[in-house]
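Student: Structure provided below as structure tokens; questions to follow.
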2 protein chains.
Amino acid sequence: MKKTLKDIAKLAGVSIATVSMVVNNKDDRISAATRARVLEIIKTSDYVPNRVASSMVTKKTKTIGLIIPDIANPFFPEIARGVEDKANAEGYTVILCNSDNKLSKEDAYIEMLQEKMVEGIIFTASSRRTTVSQALLKVRVPVITVDRDIPDLKQQGKITVDNEHGAYEAVTHMLDSGYRQIYHLSGPLTSRTAQERYNGYKRALVSKGITPSSDYMIEGLFTSDWGHETINGIIKSKKPFDGVFCGNDMIALGVLKGLQENNVSVPMDIGIVGFDDIEMAKMVTPELTTVRQPKYEMGYRAAELLLKMIQGEHTDQNEYILKTEFIQRSSTK
Amino acid sequence: MKKTLKDIAKLAGVSIATVSMVVNNKDDRISAATRARVLEIIKTSDYVPNRVASSMVTKKTKTIGLIIPDIANPFFPEIARGVEDKANAEGYTVILCNSDNKLSKEDAYIEMLQEKMVEGIIFTASSRRTTVSQALLKVRVPVITVDRDIPDLKQQGKITVDNEHGAYEAVTHMLDSGYRQIYHLSGPLTSRTAQERYNGYKRALVSKGITPSSDYMIEGLFTSDWGHETINGIIKSKKPFDGVFCGNDMIALGVLKGLQENNVSVPMDIGIVGFDDIEMAKMVTPELTTVRQPKYEMGYRAAELLLKMIQGEHTDQNEYILKTEFIQRSSTK
DNA sequence: TTGAAAGCGCTAACAT
DNA sequence: ATGTTAGCGCTTTCAA
């Protein structure tokens, strides 16, 4: 049967305050004898502390919310893992929410999390969220945005990645390796991420004295299917090219597949570079050259910053721009 | 400022009981006028119901726990998504826990979830968990195991997949396609999953009149690195073979990579079949022939069953064995 | 149709 | 060193 502090107190012949203190290790003022007795009773009488009740009085739920578009999207599991690891290390628990990039779902979750009294929220918002919603306005706990931005949101911390520089570096490498006519297959430019990578691509070309041509820039989706279709179109068009810099690895994988189906040799005829460094990148042949995003670290840092804000520590910095890393593998010379 | 029922009651000039009723839509007995007034006040005065407080009295937290080895392992995100989708649809929230297959972490999470008063737990336990632990014994809520078994656990529902049949079917296909000397690279046979797939492999051979040889069975890890190393060893050994049936897709991907590095043609010289049908399976060239596990459905069904048990509905069935599906792609003839 | 009040299990201030 | 007690914010009888 479910036992409470009161039951234990009765069994041990002490007050419930005493039991509470030993359960919570606030037992400096409790005699060793009583403590031992209480502990013994607790052990033998399957008592489980009710954290819901203690949350009521302490106003701390030791719970944070994590809102991401979709845990099944290979970009997010590692982030989630980073969040959970840090949270768990500090005794916090994380509630997982999949928003599918829908503003309505995001708002519903924000509301729900508030009702459950989470102490903070880590949020990868839809790129269509250009302003704070009603739900967001009511939020009274710290929010850390990851990889996305929410203009005008107060109580915010931010974790992003230097996309522009990562793209610049990657394209520079391609140029240095002799690739000259490099397509950029970009994700939707409404996303800041895609926009920044595009900017890096252009800057790299310009800095080598090449004028970016809009003919070599195609905007689409962050999916391998889109990459696959698009490269097929490019091949059919017969327009000369020798490299493809992709908005992310999914696109790159689609491109690689399309090229291989057409018996184009990668990296000899065409060089491919992706972005993200998802698991799959090193499992294909040839292994994909890409720009690594520190996904685990993004999650870990987000949780770290959030917990600091929760604990009211003075945070000298509430915005982190993490570095990317160029990973040279075999899809480029 | 944070408002409570009491504040709203005062503002509306009614009792807190009244406000409570309208907030919870138990307002059949409340006059339309009062209801409207209360609702209006709530809307204008950013009130957020405190579910922690209501949980105290209703004993329902509308929360379930999900314990898996590692969300960053490509097998789990879809399961998690299935769980979350069903839970969310029923107004439940899910707490994500990564156990790394460590019994100690599993137990710690089980304890924690109980303390947070989750109403049920979905659990993919380590295969080393051969008996119910102390922590598990104290569990008072329904537990659904997914893809794994916990002998002797009461209050259990179970979702598994017909691994034996899936393997049997796959290997039969390979034999029918003309492959004759088929290696089986298996995961650790301590896992029921690996054991069942091995059994299916053997049965398929036997049913075609081939005697399974232990020379063609290698036990290892469910990782692509292991698959990669192992196939390299096989190639070096010069022992003749024309097919590899892998314990999962990760292994298969490692095998494919090793073969390609050695310029062995897949599927002409060697046929490869995996198991799981993870995202990557259709992104490599050639696309991987595999046995699909209904991962999303596993999660969804687990949540469905759990919620039924929570709601005390009579469940005529508390164990589901889901069907696998053979997916013929290009890594076999 | 509405309100008063008990109590969920716990913590923390205050007494003893 | 230990006990008493007042809430935390809410739901739910029961009474009015």
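Every chain in the structure tokens has a letter given in the order shown (A, B, ...), and although residue numbers restart at 1 in each chain, ligands are simply numbered from 1 in the order shown.
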Can you tell me which residues surround stretch 53-63 of chain A at a distance of at most 9 Å, considering only C-alpha atoms (C1' of nucleotides), apart from same-chain residues fewer than 6 positions away, and format the answer as a list in words?

Tutor: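 The filter keeps Ala87, Glu90, Gly91, Tyr92, Thr93, Val94, Ile95, Lys116, Met117, Val118, Glu119 and Gly120 of chain A; Val52, Ala53, Ser55, Met56 and Lys116 of chain B; DC8, DG9, DC10 and DT11 of chain C; DG7, DC8 and DG9 of chain D.
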
Student: Would you list the contacts of A:Val161 as a VMD selection string, taking every protein, DNA or RNA residue within 10 Å and counting only C-alpha atoms (C1' of nucleotides), but skipping same-chain residues closer than 5 positions in sequence?

Tutor: chain A and resid 146 to 148 166 193 293 to 295 298 320 to 324

Student: Just write the chosen residues, N, CA and C atoms, as a PDB file, in the first residue's frame.

Tutor:
ATOM      1  N   VAL A 146      17.373  27.191 -29.155  1.00  0.00           N
ATOM      2  CA  VAL A 146      18.492  26.445 -29.703  1.00  0.00           C
ATOM      3  C   VAL A 146      18.403  26.448 -31.220  1.00  0.00           C
ATOM      4  N   ASP A 147      19.427  26.926 -31.868  1.00  0.00           N
ATOM      5  CA  ASP A 147      19.539  26.902 -33.317  1.00  0.00           C
ATOM      6  C   ASP A 147      18.512  27.793 -34.009  1.00  0.00           C
ATOM      7  N   ARG A 148      17.655  28.407 -33.252  1.00  0.00           N
ATOM      8  CA  ARG A 148      16.646  29.290 -33.836  1.00  0.00           C
ATOM      9  C   ARG A 148      16.545  30.526 -32.950  1.00  0.00           C
ATOM     10  N   GLY A 166      31.039  28.394 -40.972  1.00  0.00           N
ATOM     11  CA  GLY A 166      31.162  26.986 -41.355  1.00  0.00           C
ATOM     12  C   GLY A 166      31.034  26.818 -42.860  1.00  0.00           C
ATOM     13  N   THR A 193      19.185  29.790 -40.481  1.00  0.00           N
ATOM     14  CA  THR A 193      20.243  28.826 -40.716  1.00  0.00           C
ATOM     15  C   THR A 193      20.624  28.723 -42.195  1.00  0.00           C
ATOM     16  N   GLN A 293      28.260  20.128 -36.898  1.00  0.00           N
ATOM     17  CA  GLN A 293      27.655  20.965 -35.871  1.00  0.00           C
ATOM     18  C   GLN A 293      27.774  20.201 -34.570  1.00  0.00           C
ATOM     19  N   PRO A 294      28.135  20.857 -33.505  1.00  0.00           N
ATOM     20  CA  PRO A 294      28.287  20.169 -32.226  1.00  0.00           C
ATOM     21  C   PRO A 294      26.918  19.971 -31.577  1.00  0.00           C
ATOM     22  N   LYS A 295      26.180  18.991 -32.098  1.00  0.00           N
ATOM     23  CA  LYS A 295      24.786  18.834 -31.679  1.00  0.00           C
ATOM     24  C   LYS A 295      24.642  18.486 -30.203  1.00  0.00           C
ATOM     25  N   MET A 298      25.344  21.406 -28.218  1.00  0.00           N
ATOM     26  CA  MET A 298      24.286  22.420 -28.251  1.00  0.00           C
ATOM     27  C   MET A 298      23.243  22.122 -27.177  1.00  0.00           C
ATOM     28  N   TYR A 320      25.412  31.849 -26.662  1.00  0.00           N
ATOM     29  CA  TYR A 320      26.613  31.151 -27.077  1.00  0.00           C
ATOM     30  C   TYR A 320      26.539  30.837 -28.564  1.00  0.00           C
ATOM     31  N   ILE A 321      27.576  31.174 -29.265  1.00  0.00           N
ATOM     32  CA  ILE A 321      27.662  30.811 -30.676  1.00  0.00           C
ATOM     33  C   ILE A 321      28.733  29.735 -30.786  1.00  0.00           C
ATOM     34  N   LEU A 322      28.313  28.518 -30.987  1.00  0.00           N
ATOM     35  CA  LEU A 322      29.269  27.416 -31.006  1.00  0.00           C
ATOM     36  C   LEU A 322      29.948  27.316 -32.366  1.00  0.00           C
ATOM     37  N   LYS A 323      31.132  26.746 -32.320  1.00  0.00           N
ATOM     38  CA  LYS A 323      31.921  26.660 -33.544  1.00  0.00           C
ATOM     39  C   LYS A 323      31.593  25.383 -34.313  1.00  0.00           C
ATOM     40  N   THR A 324      31.631  25.509 -35.630  1.00  0.00           N
ATOM     41  CA  THR A 324      31.503  24.321 -36.466  1.00  0.00           C
ATOM     42  C   THR A 324      32.899  23.792 -36.736  1.00  0.00           C
TER      43      THR A 324
END

Student: Just how far from atom CA of B:Thr290 is atom CA of B:Gly233, in Å to one decimal?

Tutor: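 It comes out at 22.9 Å.
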
Student: Among stretch 147-271 of chain A, which residues does DSSP mark as strand (DSSP E or B) when it is run on the backbone? Keep the chain and numbering as in the structure and answer as number ranges by chain.

Tutor: A: 156-161, 182-186, 217-219, 243-246, 271

Student: With only C-alpha atoms considered, list every residue of chain B at most 9 Å from chain A, as a PyMOL selection string.

Tutor: chain B and resi 1-2+46-53+55-56+61+70-74+76-81+84-85+88+93-98+111-117+138+140+224+250+253-254+256-257+260-261+279-280+283-286

Student: Pull C-alpha atoms from the residues just selected and write them as a PDB file, in the first residue's frame.

Tutor:
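Once everything was written out, this is part-v1.pdb:
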ATOM      1  CA  MET B   1       2.345  38.306 -11.148  1.00  0.00           C
ATOM      2  CA  LYS B   2       1.437  34.662 -10.766  1.00  0.00           C
ATOM      3  CA  ASP B  46      -3.001  35.684 -17.527  1.00  0.00           C
ATOM      4  CA  TYR B  47      -4.066  32.895 -15.201  1.00  0.00           C
ATOM      5  CA  VAL B  48      -2.277  29.566 -15.567  1.00  0.00           C
ATOM      6  CA  PRO B  49      -3.821  26.608 -13.751  1.00  0.00           C
ATOM      7  CA  ASN B  50      -1.383  24.857 -11.457  1.00  0.00           C
ATOM      8  CA  ARG B  51      -1.533  21.198 -12.448  1.00  0.00           C
ATOM      9  CA  VAL B  52       0.813  20.257  -9.673  1.00  0.00           C
ATOM     10  CA  ALA B  53      -1.774  21.353  -7.171  1.00  0.00           C
ATOM     11  CA  SER B  55      -2.491  16.451  -9.229  1.00  0.00           C
ATOM     12  CA  MET B  56      -2.192  16.489  -5.475  1.00  0.00           C
ATOM     13  CA  THR B  61      -0.320  13.701 -13.109  1.00  0.00           C
ATOM     14  CA  ASP B  70      19.737   6.027 -25.881  1.00  0.00           C
ATOM     15  CA  ILE B  71      17.676   8.423 -27.930  1.00  0.00           C
ATOM     16  CA  ALA B  72      20.739   9.041 -30.097  1.00  0.00           C
ATOM     17  CA  ASN B  73      20.654   5.415 -31.251  1.00  0.00           C
ATOM     18  CA  PRO B  74      18.740   5.515 -34.548  1.00  0.00           C
ATOM     19  CA  PHE B  76      14.727   4.791 -30.740  1.00  0.00           C
ATOM     20  CA  PRO B  77      13.702   8.207 -32.010  1.00  0.00           C
ATOM     21  CA  GLU B  78      10.794   6.814 -33.976  1.00  0.00           C
ATOM     22  CA  ILE B  79       9.625   4.757 -31.061  1.00  0.00           C
ATOM     23  CA  ALA B  80       9.791   7.825 -28.872  1.00  0.00           C
ATOM     24  CA  ARG B  81       7.851   9.750 -31.458  1.00  0.00           C
ATOM     25  CA  GLU B  84       4.748  10.968 -27.611  1.00  0.00           C
ATOM     26  CA  ASP B  85       2.147  11.246 -30.338  1.00  0.00           C
ATOM     27  CA  ASN B  88      -0.094  13.881 -26.425  1.00  0.00           C
ATOM     28  CA  THR B  93       3.099  14.333 -21.270  1.00  0.00           C
ATOM     29  CA  VAL B  94       6.208  12.173 -21.514  1.00  0.00           C
ATOM     30  CA  ILE B  95       9.405  12.267 -19.519  1.00  0.00           C
ATOM     31  CA  LEU B  96      12.411  11.065 -21.493  1.00  0.00           C
ATOM     32  CA  CYS B  97      15.066   8.937 -19.787  1.00  0.00           C
ATOM     33  CA  ASN B  98      18.270   7.559 -21.343  1.00  0.00           C
ATOM     34  CA  GLU B 111      12.619   5.484  -8.701  1.00  0.00           C
ATOM     35  CA  MET B 112      12.593   9.052  -9.915  1.00  0.00           C
ATOM     36  CA  LEU B 113       9.577   8.530 -12.121  1.00  0.00           C
ATOM     37  CA  GLN B 114       7.687   6.975  -9.247  1.00  0.00           C
ATOM     38  CA  GLU B 115       8.499   9.938  -7.069  1.00  0.00           C
ATOM     39  CA  LYS B 116       7.230  12.261  -9.754  1.00  0.00           C
ATOM     40  CA  MET B 117       4.055  10.208  -9.682  1.00  0.00           C
ATOM     41  CA  LYS B 138       8.210  -0.985  -5.721  1.00  0.00           C
ATOM     42  CA  ARG B 140       2.806   0.601  -8.422  1.00  0.00           C
ATOM     43  CA  SER B 224      28.445  -0.597 -37.964  1.00  0.00           C
ATOM     44  CA  MET B 250      23.949  -0.795 -38.536  1.00  0.00           C
ATOM     45  CA  LEU B 253      25.853  -0.699 -43.313  1.00  0.00           C
ATOM     46  CA  GLY B 254      29.302  -1.509 -41.953  1.00  0.00           C
ATOM     47  CA  LEU B 256      28.333  -2.735 -47.188  1.00  0.00           C
ATOM     48  CA  LYS B 257      31.021  -0.176 -46.626  1.00  0.00           C
ATOM     49  CA  GLN B 260      32.630  -1.431 -51.345  1.00  0.00           C
ATOM     50  CA  GLU B 261      36.066  -0.512 -50.096  1.00  0.00           C
ATOM     51  CA  GLU B 279      16.332   5.931 -42.114  1.00  0.00           C
ATOM     52  CA  MET B 280      19.784   5.335 -43.518  1.00  0.00           C
ATOM     53  CA  MET B 283      19.973   6.497 -48.328  1.00  0.00           C
ATOM     54  CA  VAL B 284      22.959   4.377 -49.200  1.00  0.00           C
ATOM     55  CA  THR B 285      23.823   3.065 -52.638  1.00  0.00           C
ATOM     56  CA  PRO B 286      22.796   0.396 -53.261  1.00  0.00           C
TER      57      PRO B 286
END

Student: Got a sec to tell me which of stretch 98-273 of chain A DSSP assigns to helix (DSSP H, G or I), as a CSV table (one decimal) with N, CA and C atoms, in the first residue's frame?

Tutor:
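What ended up in part_7.csv:
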chain,number,residue,atom,x,y,z
A,103,LEU,N,3.2,26.2,-35.3
A,103,LEU,CA,3.1,27.2,-34.2
A,103,LEU,C,2.0,26.8,-33.2
A,104,SER,N,0.9,26.3,-33.7
A,104,SER,CA,-0.2,25.9,-32.8
A,104,SER,C,0.3,24.9,-31.8
A,105,LYS,N,1.0,23.9,-32.3
A,105,LYS,CA,1.5,22.8,-31.3
A,105,LYS,C,2.5,23.4,-30.4
A,106,GLU,N,3.4,24.3,-30.9
A,106,GLU,CA,4.3,24.9,-30.0
A,106,GLU,C,3.6,25.6,-28.9
A,107,ASP,N,2.7,26.4,-29.3
A,107,ASP,CA,2.0,27.2,-28.2
A,107,ASP,C,1.3,26.3,-27.2
A,108,ALA,N,0.7,25.3,-27.7
A,108,ALA,CA,-0.1,24.4,-26.8
A,108,ALA,C,0.9,23.7,-25.8
A,109,TYR,N,2.1,23.4,-26.3
A,109,TYR,CA,3.1,22.8,-25.4
A,109,TYR,C,3.6,23.8,-24.4
A,110,ILE,N,3.8,25.0,-24.9
A,110,ILE,CA,4.3,26.0,-23.9
A,110,ILE,C,3.3,26.2,-22.8
A,111,GLU,N,2.1,26.2,-23.2
A,111,GLU,CA,1.0,26.4,-22.2
A,111,GLU,C,1.0,25.2,-21.2
A,112,MET,N,1.0,24.0,-21.8
A,112,MET,CA,1.0,22.8,-21.0
A,112,MET,C,2.2,22.7,-20.0
A,113,LEU,N,3.4,23.1,-20.5
A,113,LEU,CA,4.6,23.0,-19.7
A,113,LEU,C,4.5,24.0,-18.5
A,114,GLN,N,3.9,25.1,-18.8
A,114,GLN,CA,3.7,26.1,-17.8
A,114,GLN,C,2.8,25.6,-16.7
A,115,GLU,N,1.7,24.9,-17.2
A,115,GLU,CA,0.8,24.4,-16.2
A,115,GLU,C,1.4,23.3,-15.3
A,134,GLN,N,1.0,34.9,-27.8
A,134,GLN,CA,0.3,35.1,-26.6
A,134,GLN,C,0.8,34.1,-25.5
A,135,ALA,N,1.0,32.8,-25.9
A,135,ALA,CA,1.4,31.8,-25.0
A,135,ALA,C,2.8,32.1,-24.5
A,136,LEU,N,3.7,32.6,-25.4
A,136,LEU,CA,5.0,32.9,-25.0
A,136,LEU,C,5.1,34.1,-24.1
A,137,LEU,N,4.2,35.0,-24.3
A,137,LEU,CA,4.1,36.2,-23.4
A,137,LEU,C,3.9,35.8,-22.0
A,163,ASN,N,27.0,29.3,-38.5
A,163,ASN,CA,26.7,28.8,-39.8
A,163,ASN,C,27.5,29.5,-41.0
A,164,GLU,N,27.5,30.8,-40.9
A,164,GLU,CA,28.1,31.5,-41.9
A,164,GLU,C,29.6,31.1,-42.1
A,165,HIS,N,30.3,31.1,-41.0
A,165,HIS,CA,31.7,30.7,-41.0
A,165,HIS,C,31.9,29.3,-41.5
A,166,GLY,N,31.0,28.4,-41.0
A,166,GLY,CA,31.2,27.0,-41.4
A,166,GLY,C,31.0,26.8,-42.9
A,167,ALA,N,30.1,27.5,-43.4
A,167,ALA,CA,29.9,27.4,-44.9
A,167,ALA,C,31.0,28.0,-45.6
A,168,TYR,N,31.5,29.2,-45.1
A,168,TYR,CA,32.6,29.9,-45.8
A,168,TYR,C,33.8,28.9,-45.8
A,169,GLU,N,34.1,28.3,-44.7
A,169,GLU,CA,35.2,27.5,-44.6
A,169,GLU,C,35.1,26.3,-45.6
A,170,ALA,N,33.9,25.7,-45.6
A,170,ALA,CA,33.7,24.5,-46.4
A,170,ALA,C,33.9,24.8,-47.9
A,171,VAL,N,33.3,25.9,-48.3
A,171,VAL,CA,33.4,26.3,-49.7
A,171,VAL,C,34.8,26.7,-50.1
A,172,THR,N,35.5,27.4,-49.2
A,172,THR,CA,36.8,27.7,-49.4
A,172,THR,C,37.7,26.5,-49.6
A,173,HIS,N,37.5,25.5,-48.8
A,173,HIS,CA,38.2,24.2,-49.0
A,173,HIS,C,37.9,23.6,-50.4
A,174,MET,N,36.6,23.7,-50.8
A,174,MET,CA,36.3,23.1,-52.1
A,174,MET,C,37.1,23.9,-53.2
A,175,LEU,N,37.1,25.2,-53.1
A,175,LEU,CA,37.8,26.0,-54.1
A,175,LEU,C,39.3,25.7,-54.1
A,176,ASP,N,39.8,25.5,-52.9
A,176,ASP,CA,41.2,25.2,-52.8
A,176,ASP,C,41.6,23.9,-53.4
A,192,ARG,N,16.8,31.1,-40.8
A,192,ARG,CA,18.1,31.9,-40.6
A,192,ARG,C,19.3,31.0,-40.9
A,193,THR,N,19.2,29.8,-40.5
A,193,THR,CA,20.2,28.8,-40.7
A,193,THR,C,20.6,28.7,-42.2
A,194,ALA,N,19.6,28.5,-43.0
A,194,ALA,CA,19.9,28.4,-44.5
A,194,ALA,C,20.4,29.7,-45.0
A,195,GLN,N,19.9,30.8,-44.6
A,195,GLN,CA,20.3,32.1,-45.0
A,195,GLN,C,21.8,32.3,-44.7
A,196,GLU,N,22.2,32.0,-43.5
A,196,GLU,CA,23.6,32.2,-43.1
A,196,GLU,C,24.5,31.3,-43.9
A,197,ARG,N,24.1,30.1,-44.2
A,197,ARG,CA,25.0,29.2,-44.9
A,197,ARG,C,25.2,29.7,-46.4
A,198,TYR,N,24.1,30.2,-46.9
A,198,TYR,CA,24.1,30.8,-48.2
A,198,TYR,C,25.1,32.0,-48.2
A,199,ASN,N,25.0,32.8,-47.2
A,199,ASN,CA,25.9,33.9,-47.1
A,199,ASN,C,27.4,33.5,-47.1
A,200,GLY,N,27.6,32.4,-46.3
A,200,GLY,CA,29.0,31.9,-46.2
A,200,GLY,C,29.5,31.4,-47.6
A,201,TYR,N,28.6,30.8,-48.3
A,201,TYR,CA,28.9,30.3,-49.6
A,201,TYR,C,29.3,31.4,-50.6
A,202,LYS,N,28.5,32.5,-50.5
A,202,LYS,CA,28.8,33.6,-51.4
A,202,LYS,C,30.1,34.3,-51.0
A,203,ARG,N,30.3,34.4,-49.8
A,203,ARG,CA,31.5,35.1,-49.3
A,203,ARG,C,32.8,34.4,-49.7
A,204,ALA,N,32.7,33.0,-49.6
A,204,ALA,CA,33.8,32.2,-50.0
A,204,ALA,C,34.1,32.4,-51.5
A,205,LEU,N,33.1,32.4,-52.3
A,205,LEU,CA,33.3,32.6,-53.8
A,205,LEU,C,33.9,34.0,-54.0
A,206,VAL,N,33.3,35.0,-53.5
A,206,VAL,CA,33.8,36.3,-53.7
A,206,VAL,C,35.3,36.5,-53.3
A,207,SER,N,35.6,35.9,-52.1
A,207,SER,CA,36.9,36.1,-51.6
A,207,SER,C,38.0,35.4,-52.5
A,214,SER,N,23.4,33.4,-59.6
A,214,SER,CA,22.1,32.8,-59.1
A,214,SER,C,21.7,31.5,-59.8
A,215,ASP,N,22.4,31.3,-61.0
A,215,ASP,CA,22.1,30.0,-61.7
A,215,ASP,C,22.6,28.8,-60.9
A,216,TYR,N,23.6,29.1,-60.0
A,216,TYR,CA,24.2,28.0,-59.3
A,216,TYR,C,23.6,27.8,-57.8
A,224,SER,N,16.5,14.7,-48.2
A,224,SER,CA,17.3,14.0,-49.1
A,224,SER,C,16.5,13.8,-50.4
A,225,ASP,N,15.2,13.7,-50.3
A,225,ASP,CA,14.4,13.5,-51.5
A,225,ASP,C,14.6,14.7,-52.4
A,226,TRP,N,14.5,15.9,-51.8
A,226,TRP,CA,14.7,17.1,-52.6
A,226,TRP,C,16.1,17.2,-53.2
A,227,GLY,N,17.1,16.8,-52.5
A,227,GLY,CA,18.4,16.8,-53.0
A,227,GLY,C,18.5,15.8,-54.2
A,228,HIS,N,17.9,14.7,-54.1
A,228,HIS,CA,17.9,13.7,-55.1
A,228,HIS,C,17.3,14.2,-56.4
A,229,GLU,N,16.1,14.7,-56.2
A,229,GLU,CA,15.4,15.2,-57.4
A,229,GLU,C,16.2,16.4,-58.1
A,230,THR,N,16.7,17.2,-57.2
A,230,THR,CA,17.3,18.4,-57.7
A,230,THR,C,18.6,18.1,-58.5
A,231,ILE,N,19.4,17.2,-58.0
A,231,ILE,CA,20.6,16.8,-58.7
A,231,ILE,C,20.3,16.2,-60.0
A,232,ASN,N,19.2,15.4,-60.0
A,232,ASN,CA,18.8,14.8,-61.3
A,232,ASN,C,18.4,15.8,-62.3
A,233,GLY,N,17.8,16.9,-61.8
A,233,GLY,CA,17.4,18.0,-62.7
A,233,GLY,C,18.7,18.6,-63.3
A,234,ILE,N,19.6,18.8,-62.4
A,234,ILE,CA,20.9,19.5,-62.8
A,234,ILE,C,21.6,18.7,-63.8
A,235,ILE,N,21.7,17.4,-63.6
A,235,ILE,CA,22.4,16.5,-64.5
A,235,ILE,C,21.7,16.6,-65.9
A,236,LYS,N,20.4,16.5,-65.9
A,236,LYS,CA,19.7,16.6,-67.2
A,236,LYS,C,19.9,17.9,-67.9
A,237,SER,N,20.1,19.0,-67.1
A,237,SER,CA,20.2,20.3,-67.7
A,237,SER,C,21.6,20.4,-68.5
A,249,ASP,N,23.2,17.7,-44.5
A,249,ASP,CA,23.7,16.4,-44.9
A,249,ASP,C,22.6,15.6,-45.6
A,250,MET,N,21.3,15.8,-45.2
A,250,MET,CA,20.3,15.1,-45.9
A,250,MET,C,20.2,15.4,-47.4
A,251,ILE,N,20.3,16.7,-47.7
A,251,ILE,CA,20.4,17.1,-49.1
A,251,ILE,C,21.6,16.4,-49.8
A,252,ALA,N,22.7,16.5,-49.1
A,252,ALA,CA,24.0,15.9,-49.7
A,252,ALA,C,23.8,14.4,-49.9
A,253,LEU,N,23.2,13.7,-49.0
A,253,LEU,CA,23.0,12.3,-49.2
A,253,LEU,C,22.1,12.0,-50.5
A,254,GLY,N,21.1,12.8,-50.6
A,254,GLY,CA,20.3,12.7,-51.8
A,254,GLY,C,21.1,13.0,-53.1
A,255,VAL,N,21.9,14.0,-53.0
A,255,VAL,CA,22.7,14.3,-54.2
A,255,VAL,C,23.7,13.2,-54.5
A,256,LEU,N,24.3,12.7,-53.4
A,256,LEU,CA,25.3,11.6,-53.6
A,256,LEU,C,24.6,10.4,-54.3
A,257,LYS,N,23.4,10.1,-53.8
A,257,LYS,CA,22.7,9.0,-54.4
A,257,LYS,C,22.4,9.2,-55.9
A,258,GLY,N,21.9,10.4,-56.2
A,258,GLY,CA,21.6,10.7,-57.6
A,258,GLY,C,22.8,10.6,-58.5
A,259,LEU,N,23.9,11.1,-58.0
A,259,LEU,CA,25.2,11.1,-58.8
A,259,LEU,C,25.6,9.6,-59.0
A,260,GLN,N,25.5,8.8,-58.0
A,260,GLN,CA,25.9,7.4,-58.1
A,260,GLN,C,25.0,6.7,-59.1
A,261,GLU,N,23.8,7.0,-59.0
A,261,GLU,CA,22.8,6.3,-59.9
A,261,GLU,C,23.2,6.7,-61.4

Student: I'd like the neighbourhood of C:DT1 as a count of residues only, where a residue qualifies if any of its atoms comes within 10 Å (using only C-alpha atoms (C1' of nucleotides)), though same-chain residues fewer than 5 positions away should be ignored.

Tutor: 6
